[in-house]
Every structure is written in C-alpha cells, then in structure tokens.
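Source file start_38.pdb; content: PDB, C-alpha atoms, pLDDT in the B column.
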ATOM      1  CA  MET A 656      23.462  17.869 -45.731  1.00 44.00           C
ATOM      2  CA  GLU A 657      26.059  19.486 -43.520  1.00 43.00           C
ATOM      3  CA  SER A 658      25.175  17.464 -40.445  1.00 48.00           C
ATOM      4  CA  GLU A 659      26.593  14.231 -41.829  1.00 49.00           C
ATOM      5  CA  LEU A 660      29.766  15.882 -43.043  1.00 48.00           C
ATOM      6  CA  LYS A 661      30.530  17.605 -39.741  1.00 51.00           C
ATOM      7  CA  ARG A 662      33.902  16.341 -38.672  1.00 54.00           C
ATOM      8  CA  GLY A 663      34.149  14.369 -35.536  1.00 83.00           C
ATOM      9  CA  PHE A 664      35.472  10.922 -34.797  1.00 94.00           C
ATOM     10  CA  LEU A 665      34.996   8.816 -37.930  1.00 96.00           C
ATOM     11  CA  VAL A 666      32.739   9.167 -40.968  1.00 95.00           C
ATOM     12  CA  ARG A 667      29.070   8.638 -40.081  1.00 94.00           C
ATOM     13  CA  GLN A 668      27.240   5.616 -41.348  1.00 95.00           C
ATOM     14  CA  ARG A 669      24.484   7.780 -42.873  1.00 96.00           C
ATOM     15  CA  ALA A 670      27.004   9.763 -44.954  1.00 97.00           C
ATOM     16  CA  PHE A 671      28.761   6.569 -46.013  1.00 97.00           C
ATOM     17  CA  LEU A 672      25.521   4.918 -47.174  1.00 97.00           C
ATOM     18  CA  LYS A 673      24.341   8.101 -48.893  1.00 97.00           C
ATOM     19  CA  LEU A 674      27.399   8.081 -51.123  1.00 98.00           C
ATOM     20  CA  TYR A 675      26.818   4.439 -52.094  1.00 97.00           C
ATOM     21  CA  LEU A 676      23.092   4.986 -52.755  1.00 96.00           C
ATOM     22  CA  LEU A 677      23.760   8.008 -54.972  1.00 97.00           C
ATOM     23  CA  LYS A 678      26.220   5.940 -56.979  1.00 96.00           C
ATOM     24  CA  MET A 679      23.770   3.064 -57.343  1.00 95.00           C
ATOM     25  CA  ILE A 680      20.836   5.297 -58.267  1.00 95.00           C
ATOM     26  CA  GLU A 681      22.973   7.039 -60.888  1.00 94.00           C
ATOM     27  CA  ALA A 682      23.946   3.613 -62.279  1.00 91.00           C
ATOM     28  CA  ASN A 683      20.223   2.696 -62.542  1.00 82.00           C
ATOM     29  CA  LYS A 684      20.245   0.061 -59.858  1.00 70.00           C
ATOM     30  CA  ARG A 685      16.999   1.450 -58.668  1.00 69.00           C
ATOM     31  CA  TYR A 686      15.092  -0.898 -56.390  1.00 76.00           C
ATOM     32  CA  GLY A 687      15.228  -0.674 -52.637  1.00 75.00           C
ATOM     33  CA  THR A 688      15.843  -4.369 -52.109  1.00 79.00           C
ATOM     34  CA  GLN A 689      18.561  -4.372 -54.778  1.00 86.00           C
ATOM     35  CA  PHE A 690      20.369  -1.655 -52.829  1.00 92.00           C
ATOM     36  CA  LEU A 691      20.202  -3.617 -49.624  1.00 91.00           C
ATOM     37  CA  ASP A 692      21.332  -6.914 -51.152  1.00 92.00           C
ATOM     38  CA  ASP A 693      24.190  -5.335 -53.112  1.00 93.00           C
ATOM     39  CA  LEU A 694      25.480  -3.362 -50.147  1.00 95.00           C
ATOM     40  CA  ARG A 695      25.339  -6.345 -47.814  1.00 94.00           C
ATOM     41  CA  THR A 696      27.306  -8.431 -50.325  1.00 94.00           C
ATOM     42  CA  GLU A 697      29.830  -5.630 -50.846  1.00 94.00           C
ATOM     43  CA  PHE A 698      30.519  -5.172 -47.117  1.00 96.00           C
ATOM     44  CA  LYS A 699      30.280  -8.784 -45.997  1.00 94.00           C
ATOM     45  CA  PRO A 700      34.089  -9.320 -45.991  1.00 94.00           C
ATOM     46  CA  TYR A 701      34.324  -6.437 -43.490  1.00 95.00           C
ATOM     47  CA  GLY A 702      31.684  -7.729 -41.083  1.00 93.00           C
ATOM     48  CA  TYR A 703      29.364  -4.806 -41.788  1.00 95.00           C
ATOM     49  CA  HIS A 704      25.699  -5.656 -42.340  1.00 94.00           C
ATOM     50  CA  PRO A 705      23.660  -2.468 -42.985  1.00 94.00           C
ATOM     51  CA  THR A 706      20.074  -2.677 -41.752  1.00 93.00           C
ATOM     52  CA  HIS A 707      16.928  -2.312 -43.846  1.00 91.00           C
ATOM     53  CA  SER A 708      15.902   0.630 -41.679  1.00 93.00           C
ATOM     54  CA  GLU A 709      19.218   2.473 -42.139  1.00 93.00           C
ATOM     55  CA  ILE A 710      19.020   2.147 -45.942  1.00 93.00           C
ATOM     56  CA  TYR A 711      15.421   3.361 -46.082  1.00 93.00           C
ATOM     57  CA  LYS A 712      16.055   6.302 -43.756  1.00 95.00           C
ATOM     58  CA  THR A 713      18.900   7.363 -46.030  1.00 96.00           C
ATOM     59  CA  LEU A 714      16.711   7.031 -49.147  1.00 94.00           C
ATOM     60  CA  HIS A 715      13.985   9.102 -47.472  1.00 95.00           C
ATOM     61  CA  GLU A 716      16.498  11.790 -46.573  1.00 97.00           C
ATOM     62  CA  LEU A 717      17.755  11.953 -50.170  1.00 97.00           C
ATOM     63  CA  THR A 718      14.149  12.235 -51.370  1.00 97.00           C
ATOM     64  CA  ARG A 719      13.271  14.926 -48.821  1.00 97.00           C
ATOM     65  CA  GLU A 720      16.287  16.999 -49.844  1.00 97.00           C
ATOM     66  CA  GLY A 721      15.223  16.778 -53.492  1.00 98.00           C
ATOM     67  CA  TRP A 722      18.312  14.877 -54.671  1.00 98.00           C
ATOM     68  CA  VAL A 723      16.282  11.792 -55.517  1.00 96.00           C
ATOM     69  CA  ARG A 724      12.825  11.312 -57.046  1.00 95.00           C
ATOM     70  CA  ARG A 725      10.626   8.300 -56.339  1.00 92.00           C
ATOM     71  CA  GLU A 726       8.520   6.749 -59.064  1.00 90.00           C
ATOM     72  CA  LYS A 727       5.793   4.204 -58.369  1.00 87.00           C
ATOM     73  CA  LYS A 728       5.449   1.426 -60.909  1.00 84.00           C
ATOM     74  CA  LEU A 729       3.178  -1.556 -61.235  1.00 81.00           C
ATOM     75  CA  LEU A 730       4.724  -4.902 -62.082  1.00 78.00           C
ATOM     76  CA  GLY A 731       2.628  -7.732 -63.527  1.00 75.00           C
ATOM     77  CA  GLU A 732      -0.845  -7.664 -65.089  1.00 71.00           C
ATOM     78  CA  PRO A 733      -3.179  -4.955 -63.730  1.00 67.00           C
ATOM     79  CA  GLY A 734      -6.333  -6.514 -62.363  1.00 69.00           C
ATOM     80  CA  VAL A 735      -4.733  -9.958 -62.284  1.00 71.00           C
ATOM     81  CA  ASP A 736      -1.593 -10.147 -60.145  1.00 74.00           C
ATOM     82  CA  PHE A 737       0.449  -7.030 -59.727  1.00 78.00           C
ATOM     83  CA  GLN A 738       2.836  -5.463 -57.332  1.00 80.00           C
ATOM     84  CA  GLU A 739       3.659  -1.822 -56.722  1.00 82.00           C
ATOM     85  CA  ILE A 740       7.367  -1.049 -56.616  1.00 84.00           C
ATOM     86  CA  ILE A 741       9.353   2.137 -56.081  1.00 88.00           C
ATOM     87  CA  ILE A 742      11.998   3.181 -58.571  1.00 90.00           C
ATOM     88  CA  TYR A 743      14.543   5.853 -57.645  1.00 93.00           C
ATOM     89  CA  HIS A 744      16.007   8.469 -59.996  1.00 94.00           C
ATOM     90  CA  LEU A 745      18.553  11.246 -59.474  1.00 96.00           C
ATOM     91  CA  THR A 746      17.022  14.704 -60.014  1.00 97.00           C
ATOM     92  CA  ASP A 747      18.987  17.432 -61.818  1.00 97.00           C
ATOM     93  CA  LYS A 748      19.752  18.929 -58.411  1.00 97.00           C
ATOM     94  CA  GLY A 749      20.811  15.478 -57.222  1.00 97.00           C
ATOM     95  CA  LYS A 750      23.244  15.065 -60.133  1.00 97.00           C
ATOM     96  CA  GLN A 751      24.954  18.353 -59.262  1.00 97.00           C
ATOM     97  CA  GLU A 752      24.997  17.723 -55.533  1.00 97.00           C
ATOM     98  CA  TYR A 753      26.320  14.193 -55.985  1.00 97.00           C
ATOM     99  CA  GLU A 754      29.433  15.508 -57.769  1.00 96.00           C
ATOM    100  CA  LEU A 755      30.170  17.894 -54.903  1.00 97.00           C
ATOM    101  CA  TYR A 756      29.336  15.350 -52.210  1.00 98.00           C
ATOM    102  CA  ARG A 757      31.665  12.829 -53.826  1.00 97.00           C
ATOM    103  CA  LYS A 758      34.548  15.285 -53.572  1.00 97.00           C
ATOM    104  CA  GLN A 759      33.741  16.187 -49.962  1.00 97.00           C
ATOM    105  CA  MET A 760      33.569  12.531 -48.987  1.00 97.00           C
ATOM    106  CA  LYS A 761      37.006  11.885 -50.494  1.00 97.00           C
ATOM    107  CA  VAL A 762      38.422  14.432 -48.044  1.00 96.00           C
ATOM    108  CA  GLU A 763      36.480  12.762 -45.221  1.00 96.00           C
ATOM    109  CA  PHE A 764      37.737   9.267 -46.150  1.00 97.00           C
ATOM    110  CA  ASP A 765      41.320  10.538 -46.303  1.00 97.00           C
ATOM    111  CA  ARG A 766      40.894  12.067 -42.849  1.00 97.00           C
ATOM    112  CA  CYS A 767      39.514   8.815 -41.396  1.00 97.00           C
ATOM    113  CA  LEU A 768      42.232   6.690 -42.974  1.00 97.00           C
ATOM    114  CA  GLY A 769      44.779   9.099 -41.479  1.00 97.00           C
ATOM    115  CA  LEU A 770      43.258   8.776 -38.006  1.00 97.00           C
ATOM    116  CA  LEU A 771      43.115   4.968 -38.150  1.00 97.00           C
ATOM    117  CA  ASN A 772      46.656   4.686 -39.514  1.00 97.00           C
ATOM    118  CA  GLN A 773      47.843   6.990 -36.715  1.00 96.00           C
ATOM    119  CA  ALA A 774      46.194   4.670 -34.170  1.00 97.00           C
ATOM    120  CA  MET A 775      47.801   1.637 -35.813  1.00 97.00           C
ATOM    121  CA  SER A 776      51.177   3.323 -35.580  1.00 96.00           C
ATOM    122  CA  ASP A 777      50.636   4.454 -31.953  1.00 96.00           C
ATOM    123  CA  HIS A 778      49.594   1.012 -30.723  1.00 97.00           C
ATOM    124  CA  TYR A 779      51.325  -1.463 -33.003  1.00 96.00           C
ATOM    125  CA  GLY A 780      54.415   0.401 -34.209  1.00 88.00           C
ATOM    126  CA  PRO A 781      55.172   2.192 -37.487  1.00 72.00           C
ATOM    127  CA  ILE A 782      53.379   0.916 -40.555  1.00 60.00           C
ATOM    128  CA  LYS A 783      55.651  -1.106 -42.793  1.00 58.00           C
ATOM    129  CA  ARG A 784      55.075  -0.544 -46.498  1.00 51.00           C
ATOM    130  CA  LYS A 785      57.000  -2.304 -49.183  1.00 45.00           C
TER     131      LYS A 785
ATOM    132  CA  MET B1388      33.524  -5.061 -22.582  1.00 45.00           C
ATOM    133  CA  GLU B1389      31.941  -6.871 -25.478  1.00 44.00           C
ATOM    134  CA  SER B1390      29.537  -4.077 -26.372  1.00 49.00           C
ATOM    135  CA  GLU B1391      32.260  -1.807 -27.771  1.00 49.00           C
ATOM    136  CA  LEU B1392      33.861  -4.604 -29.738  1.00 48.00           C
ATOM    137  CA  LYS B1393      30.649  -5.735 -31.387  1.00 51.00           C
ATOM    138  CA  ARG B1394      31.214  -5.394 -35.094  1.00 54.00           C
ATOM    139  CA  GLY B1395      29.119  -2.994 -37.023  1.00 83.00           C
ATOM    140  CA  PHE B1396      29.972  -0.072 -39.211  1.00 94.00           C
ATOM    141  CA  LEU B1397      33.262   1.387 -37.953  1.00 96.00           C
ATOM    142  CA  VAL B1398      35.107   1.129 -34.628  1.00 95.00           C
ATOM    143  CA  ARG B1399      33.272   2.953 -31.852  1.00 94.00           C
ATOM    144  CA  GLN B1400      34.725   6.070 -30.302  1.00 95.00           C
ATOM    145  CA  ARG B1401      34.482   4.592 -26.795  1.00 96.00           C
ATOM    146  CA  ALA B1402      36.550   1.539 -27.779  1.00 97.00           C
ATOM    147  CA  PHE B1403      39.078   3.726 -29.583  1.00 97.00           C
ATOM    148  CA  LEU B1404      39.540   6.037 -26.574  1.00 97.00           C
ATOM    149  CA  LYS B1405      39.696   3.093 -24.161  1.00 97.00           C
ATOM    150  CA  LEU B1406      42.711   1.694 -25.971  1.00 98.00           C
ATOM    151  CA  TYR B1407      44.508   5.054 -25.824  1.00 97.00           C
ATOM    152  CA  LEU B1408      43.679   5.562 -22.131  1.00 96.00           C
ATOM    153  CA  LEU B1409      44.931   2.096 -21.194  1.00 97.00           C
ATOM    154  CA  LYS B1410      48.198   2.840 -22.999  1.00 96.00           C
ATOM    155  CA  MET B1411      48.588   6.201 -21.271  1.00 95.00           C
ATOM    156  CA  ILE B1412      47.734   4.849 -17.819  1.00 95.00           C
ATOM    157  CA  GLU B1413      50.246   2.038 -18.275  1.00 94.00           C
ATOM    158  CA  ALA B1414      52.867   4.622 -19.296  1.00 91.00           C
ATOM    159  CA  ASN B1415      52.122   6.587 -16.075  1.00 82.00           C
ATOM    160  CA  LYS B1416      50.563   9.592 -17.736  1.00 70.00           C
ATOM    161  CA  ARG B1417      48.009   9.558 -15.036  1.00 69.00           C
ATOM    162  CA  TYR B1418      46.062  12.802 -14.732  1.00 76.00           C
ATOM    163  CA  GLY B1419      42.684  13.339 -16.343  1.00 75.00           C
ATOM    164  CA  THR B1420      43.575  16.685 -17.877  1.00 79.00           C
ATOM    165  CA  GLN B1421      46.847  15.288 -19.203  1.00 86.00           C
ATOM    166  CA  PHE B1422      44.894  12.577 -21.034  1.00 92.00           C
ATOM    167  CA  LEU B1423      42.583  15.112 -22.610  1.00 91.00           C
ATOM    168  CA  ASP B1424      45.358  17.505 -23.686  1.00 92.00           C
ATOM    169  CA  ASP B1425      47.571  14.756 -25.081  1.00 93.00           C
ATOM    170  CA  LEU B1426      44.743  13.128 -27.033  1.00 95.00           C
ATOM    171  CA  ARG B1427      43.551  16.428 -28.494  1.00 94.00           C
ATOM    172  CA  THR B1428      47.089  17.221 -29.643  1.00 95.00           C
ATOM    173  CA  GLU B1429      47.532  13.749 -31.097  1.00 94.00           C
ATOM    174  CA  PHE B1430      44.297  13.857 -33.124  1.00 96.00           C
ATOM    175  CA  LYS B1431      44.330  17.529 -34.118  1.00 94.00           C
ATOM    176  CA  PRO B1432      45.765  16.851 -37.622  1.00 94.00           C
ATOM    177  CA  TYR B1433      42.728  14.610 -38.237  1.00 95.00           C
ATOM    178  CA  GLY B1434      40.095  17.135 -37.141  1.00 93.00           C
ATOM    179  CA  TYR B1435      39.049  14.977 -34.177  1.00 95.00           C
ATOM    180  CA  HIS B1436      38.593  16.798 -30.855  1.00 94.00           C
ATOM    181  CA  PRO B1437      37.488  14.335 -28.143  1.00 94.00           C
ATOM    182  CA  THR B1438      35.260  15.886 -25.488  1.00 93.00           C
ATOM    183  CA  HIS B1439      35.953  16.095 -21.765  1.00 91.00           C
ATOM    184  CA  SER B1440      32.768  14.128 -21.139  1.00 93.00           C
ATOM    185  CA  GLU B1441      33.723  11.289 -23.509  1.00 93.00           C
ATOM    186  CA  ILE B1442      37.143  10.879 -21.856  1.00 93.00           C
ATOM    187  CA  TYR B1443      35.677  10.831 -18.334  1.00 93.00           C
ATOM    188  CA  LYS B1444      32.919   8.398 -19.247  1.00 95.00           C
ATOM    189  CA  THR B1445      35.569   6.060 -20.636  1.00 96.00           C
ATOM    190  CA  LEU B1446      37.703   6.401 -17.485  1.00 95.00           C
ATOM    191  CA  HIS B1447      34.651   5.675 -15.321  1.00 95.00           C
ATOM    192  CA  GLU B1448      33.869   2.578 -17.369  1.00 97.00           C
ATOM    193  CA  LEU B1449      37.438   1.319 -16.987  1.00 97.00           C
ATOM    194  CA  THR B1450      37.203   1.913 -13.235  1.00 97.00           C
ATOM    195  CA  ARG B1451      33.815   0.236 -12.928  1.00 97.00           C
ATOM    196  CA  GLU B1452      35.084  -2.840 -14.772  1.00 97.00           C
ATOM    197  CA  GLY B1453      38.048  -3.058 -12.392  1.00 98.00           C
ATOM    198  CA  TRP B1454      40.721  -2.518 -15.034  1.00 98.00           C
ATOM    199  CA  VAL B1455      41.749   0.808 -13.518  1.00 96.00           C
ATOM    200  CA  ARG B1456      42.082   2.015  -9.926  1.00 95.00           C
ATOM    201  CA  ARG B1457      41.650   5.652  -8.885  1.00 92.00           C
ATOM    202  CA  GLU B1458      43.844   7.187  -6.227  1.00 90.00           C
ATOM    203  CA  LYS B1459      43.082  10.553  -4.637  1.00 87.00           C
ATOM    204  CA  LYS B1460      46.089  12.734  -3.879  1.00 83.00           C
ATOM    205  CA  LEU B1461      46.528  16.141  -2.365  1.00 81.00           C
ATOM    206  CA  LEU B1462      48.843  18.588  -4.081  1.00 78.00           C
ATOM    207  CA  GLY B1463      50.303  21.578  -2.194  1.00 75.00           C
ATOM    208  CA  GLU B1464      50.455  22.282   1.541  1.00 71.00           C
ATOM    209  CA  PRO B1465      47.590  20.810   3.583  1.00 67.00           C
ATOM    210  CA  GLY B1466      45.815  23.568   5.457  1.00 69.00           C
ATOM    211  CA  VAL B1467      47.410  26.235   3.268  1.00 71.00           C
ATOM    212  CA  ASP B1468      46.609  25.839  -0.425  1.00 74.00           C
ATOM    213  CA  PHE B1469      45.953  22.399  -1.713  1.00 78.00           C
ATOM    214  CA  GLN B1470      44.149  20.679  -4.489  1.00 81.00           C
ATOM    215  CA  GLU B1471      42.763  17.168  -4.702  1.00 82.00           C
ATOM    216  CA  ILE B1472      43.690  15.298  -7.872  1.00 84.00           C
ATOM    217  CA  ILE B1473      42.908  11.824  -9.152  1.00 88.00           C
ATOM    218  CA  ILE B1474      45.686   9.536 -10.272  1.00 90.00           C
ATOM    219  CA  TYR B1475      44.891   6.429 -12.340  1.00 93.00           C
ATOM    220  CA  HIS B1476      46.668   3.073 -12.153  1.00 94.00           C
ATOM    221  CA  LEU B1477      46.206  -0.204 -14.055  1.00 96.00           C
ATOM    222  CA  THR B1478      45.091  -3.040 -11.760  1.00 97.00           C
ATOM    223  CA  ASP B1479      46.499  -6.568 -12.208  1.00 97.00           C
ATOM    224  CA  LYS B1480      43.254  -7.482 -13.961  1.00 97.00           C
ATOM    225  CA  GLY B1481      43.638  -4.363 -16.109  1.00 97.00           C
ATOM    226  CA  LYS B1482      47.162  -5.340 -17.166  1.00 97.00           C
ATOM    227  CA  GLN B1483      45.936  -8.732 -18.352  1.00 97.00           C
ATOM    228  CA  GLU B1484      42.826  -7.398 -20.051  1.00 97.00           C
ATOM    229  CA  TYR B1485      44.783  -4.633 -21.752  1.00 97.00           C
ATOM    230  CA  GLU B1486      46.983  -7.166 -23.544  1.00 96.00           C
ATOM    231  CA  LEU B1487      43.958  -9.036 -24.862  1.00 97.00           C
ATOM    232  CA  TYR B1488      42.076  -5.855 -25.739  1.00 98.00           C
ATOM    233  CA  ARG B1489      45.063  -4.559 -27.683  1.00 97.00           C
ATOM    234  CA  LYS B1490      45.046  -7.698 -29.834  1.00 97.00           C
ATOM    235  CA  GLN B1491      41.282  -7.542 -30.407  1.00 97.00           C
ATOM    236  CA  MET B1492      41.474  -3.904 -31.401  1.00 97.00           C
ATOM    237  CA  LYS B1493      44.174  -4.691 -33.967  1.00 97.00           C
ATOM    238  CA  VAL B1494      41.677  -6.977 -35.709  1.00 96.00           C
ATOM    239  CA  GLU B1495      39.030  -4.248 -35.488  1.00 96.00           C
ATOM    240  CA  PHE B1496      41.358  -1.596 -36.939  1.00 97.00           C
ATOM    241  CA  ASP B1497      42.301  -3.906 -39.812  1.00 97.00           C
ATOM    242  CA  ARG B1498      38.612  -4.477 -40.528  1.00 96.00           C
ATOM    243  CA  CYS B1499      37.849  -0.727 -40.556  1.00 97.00           C
ATOM    244  CA  LEU B1500      40.826   0.071 -42.770  1.00 97.00           C
ATOM    245  CA  GLY B1501      39.606  -2.635 -45.147  1.00 97.00           C
ATOM    246  CA  LEU B1502      36.099  -1.150 -45.282  1.00 97.00           C
ATOM    247  CA  LEU B1503      37.360   2.398 -45.876  1.00 97.00           C
ATOM    248  CA  ASN B1504      39.847   1.279 -48.523  1.00 97.00           C
ATOM    249  CA  GLN B1505      37.037  -0.642 -50.246  1.00 96.00           C
ATOM    250  CA  ALA B1506      34.937   2.551 -50.289  1.00 97.00           C
ATOM    251  CA  MET B1507      37.885   4.520 -51.679  1.00 97.00           C
ATOM    252  CA  SER B1508      38.286   1.959 -54.431  1.00 96.00           C
ATOM    253  CA  ASP B1509      34.521   1.829 -55.183  1.00 96.00           C
ATOM    254  CA  HIS B1510      34.147   5.593 -55.475  1.00 97.00           C
ATOM    255  CA  TYR B1511      37.525   6.899 -56.601  1.00 96.00           C
ATOM    256  CA  GLY B1512      39.069   3.986 -58.476  1.00 88.00           C
ATOM    257  CA  PRO B1513      41.666   1.393 -57.456  1.00 72.00           C
ATOM    258  CA  ILE B1514      44.207   2.484 -54.870  1.00 60.00           C
ATOM    259  CA  LYS B1515      47.572   3.171 -56.423  1.00 57.00           C
ATOM    260  CA  ARG B1516      50.500   2.121 -54.285  1.00 50.00           C
ATOM    261  CA  LYS B1517      54.114   2.573 -55.281  1.00 45.00           C
TER     262      LYS B1517
END

What is this file in structure tokens?
Amino acid sequence: MESELKRGFLVRQRAFLKLYLLKMIEANKRYGTQFLDDLRTEFKPYGYHPTHSEIYKTLHELTREGWVRREKKLLGEPGVDFQEIIIYHLTDKGKQEYELYRKQMKVEFDRCLGLLNQAMSDHYGPIKRK
Amino acid sequence: MESELKRGFLVRQRAFLKLYLLKMIEANKRYGTQFLDDLRTEFKPYGYHPTHSEIYKTLHELTREGWVRREKKLLGEPGVDFQEIIIYHLTDKGKQEYELYRKQMKVEFDRCLGLLNQAMSDHYGPIKRK
C-alpha cells in the first residue's frame, strides 16, 4: 500500500480512512453502514462528511490486499424474511500489517501537522502556546 | 474562488499555494522561479515538493480571476543579449480579496488541524501538552 503513503502535500483521504477502518474492524464494529455512520459522526465537528463510495472503495482495497476478509451472513428467518449482510474481519496478515501501518501513519500525521503549523506561523504569526 | 474553499477532507493544495503566492506577490517577490525555489525551501522539512506545473496553474488562476496582473519585462541589453521575464503584481481587487481569503483560510487551517489532532487522539491516545 505504498501509493497512499507516498509523501506529497497532505495525507490522502484513502490512507486516512484505511487507518480508521482497520481500527474499527479490529474492534469488531463490522458492518459497512456502521462504519459510515460512526465516521460521519466522528468527523462532523470538522466539516468532513466521507462518502459511501469512498468508504466502500477503501474496504474493497483492504479486501483485495488480503488484510481484511469478508463474511456473508443471513439475518432473520431463512425462507421467511431475511437479509444478507457482510461482516468484515482482520486476517492474520491484516493484523500484522495494521501494526506497521499505524506506525507509518503516525509519522505521516506528524509531518502534516508540521506543515499546517508552519503555514499558520507564516500567515498568522508565531503560534502562541501556554 | 469558492471551489478551493469548499470543505471536504483536508485543505486543497491549490488553495494552500494560492495563499502563499498572494503573500509573496504582495511582498514583491515577483518572479515565477523565485516563488518555486522559496516554496520548495520552505516546505522541504515537511517532505512537500510543489511542482512547477502546480505553481504556474495557481498563478494563471490568480491572473484569470483578476487578482494578479502580469507584466512582461526585458532583462539585459535589447538587441544584444536579453531575456523576457514575467513580473507579478497584486491588482486593487487582488489586495481586497487577499485580505478576505487570508481570513477564510485561517478558519480552514483551524478545521484541518482539528481533524488531524482528532485522528492523533483516536489512534495514538490523548495529546499530551505541557
């Protein structure tokens, strides 16, 4: 998954969402719509509203890379009223890769915070910290 | 210039560079290559290397919107060895718009810092500040 970690301007949305999804899948919050609702609530104070499509593309990528395994389940009474849902699990590979990815993303977040704080200082004067 | 300010994930590169270019043009650092060199030096500690193309697209946009005026100048001895260069100036409209844009971008930077600090806290524990 080098493409998302390649340094450029700021952290890419795909890499940012991937980290959150790995965390949620590990914590057994495993339904697609749960992910979307939880992330939208989490980011609402910051005016960021991730799209359905962006979340699902990220989940597909994690599945394709073998970090995540999809499991189909039926809810309700078979033959009466039932619904097929997808549950996501971390694979063994995914558990290992998540640990590494988490560390790499910390470096990336520090870099981005540095760049934004530099811009704040350049345009609005030195940052005052108590 | 609403498109760049539209809130989404993080501040867009174009909006970020626009703010820097307006500041540099106002401060009379007026050559295209000077902009590029100065910005690359400024952002080097953060692993961000803006491209020639991105800088020139931003300058063109500022010109097209009437915030910036281009002036062609000849350097050297006409008829002997001379070079045509472009010098950039803020227009009266540009001076006004720059003030407003600077304020809007402050709000945008605060939002992005909030989102990144939230991610830091979610993935690596609460931020410790002395």

Using the chain letters and numbering of this document, enumerate as an MDAnalysis selection string the residues selected by the PyMOL selection byres ((chain B and resi 1419-1428) around 9).
chainID B and resid 1404 1407:1408 1411:1412 1416:1418 1429:1432 1435:1439 1442:1443 1446 1472:1475

Counting only C-alpha atoms, which residue out of A:Arg725, A:Arg667, A:Lys673, A:His715 sits closest to chain B?
A:Arg667

Sort by chain and increasing residue number a table of all residues of chain B within 9 Å of chain A, each with its closest pair of atoms and their distance in Å to one decimal, counting only C-alpha atoms, and write it as a Markdown table.
| residue | atom | partner | partner_atom | distance |
| --- | --- | --- | --- | --- |
| B:Arg1394 | CA | A:Gly702 | CA | 6.4 |
| B:Gly1395 | CA | A:Tyr703 | CA | 5.1 |
| B:Phe1396 | CA | A:Tyr703 | CA | 5.4 |
| B:Leu1397 | CA | A:Leu665 | CA | 7.6 |
| B:Val1398 | CA | A:Leu665 | CA | 8.4 |
| B:Arg1399 | CA | A:Leu665 | CA | 8.6 |
| B:Gln1400 | CA | A:Phe664 | CA | 6.7 |
| B:Phe1403 | CA | A:Ala774 | CA | 8.5 |
| B:Leu1406 | CA | A:His778 | CA | 8.4 |
| B:Tyr1407 | CA | A:His778 | CA | 8.1 |
| B:Lys1410 | CA | A:His778 | CA | 8.1 |
| B:Glu1429 | CA | A:Gln773 | CA | 8.8 |
| B:Phe1430 | CA | A:Leu770 | CA | 7.1 |
| B:Pro1432 | CA | A:Leu770 | CA | 8.5 |
| B:Tyr1433 | CA | A:Arg766 | CA | 5.6 |
| B:Gly1434 | CA | A:Arg662 | CA | 6.4 |
| B:Tyr1435 | CA | A:Gly663 | CA | 5.1 |
| B:His1436 | CA | A:Gly663 | CA | 6.9 |
| B:Pro1437 | CA | A:Phe664 | CA | 7.7 |
| B:Arg1489 | CA | A:His778 | CA | 7.8 |
| B:Lys1493 | CA | A:Met775 | CA | 7.5 |
| B:Phe1496 | CA | A:Leu771 | CA | 6.9 |
| B:Asp1497 | CA | A:Met775 | CA | 8.8 |
| B:Arg1498 | CA | A:Tyr701 | CA | 5.6 |
| B:Cys1499 | CA | A:Tyr701 | CA | 7.3 |
| B:Leu1500 | CA | A:Leu768 | CA | 6.8 |
| B:Gly1501 | CA | A:Tyr701 | CA | 6.7 |
| B:Leu1502 | CA | A:Tyr701 | CA | 5.9 |
| B:Leu1503 | CA | A:Phe764 | CA | 6.9 |
| B:Asn1504 | CA | A:Leu768 | CA | 8.1 |
| B:Gln1505 | CA | A:Phe698 | CA | 8.5 |
| B:Ala1506 | CA | A:Phe764 | CA | 8.4 |
| B:Met1507 | CA | A:Phe764 | CA | 7.3 |
| B:Asp1509 | CA | A:Tyr675 | CA | 8.7 |
| B:His1510 | CA | A:Arg757 | CA | 7.8 |
| B:Tyr1511 | CA | A:Lys761 | CA | 7.9 |
| B:Lys1517 | CA | A:Lys785 | CA | 8.3 |

Within 10 Å of Glu681 in chain A, counting all atoms listed in the file, which residues show up once you throw out same-chain ones fewer than 5 positions away? Write them as a PyMOL selection string, please.
chain A and resi 675-676+723+743-746+749-750+753

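Our summary of the geometry notes that CA of Ala670 in chain A is positioned 16.8 Å from CA of Gln751 in chain A.
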
Could you put an axis-aligned box around every listed atom of range 1452-1461 of chain B, padded by 8 Å on each side, and send me its centre and edge lengths in Å to one decimal, as JSON?
{"center_x": 40.8, "center_y": 6.5, "center_z": -8.7, "size_x": 27.4, "size_y": 35.2, "size_z": 28.7}

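CA of Leu1409 in chain B lies 13.7 Å from CA of Lys1444 in chain B.
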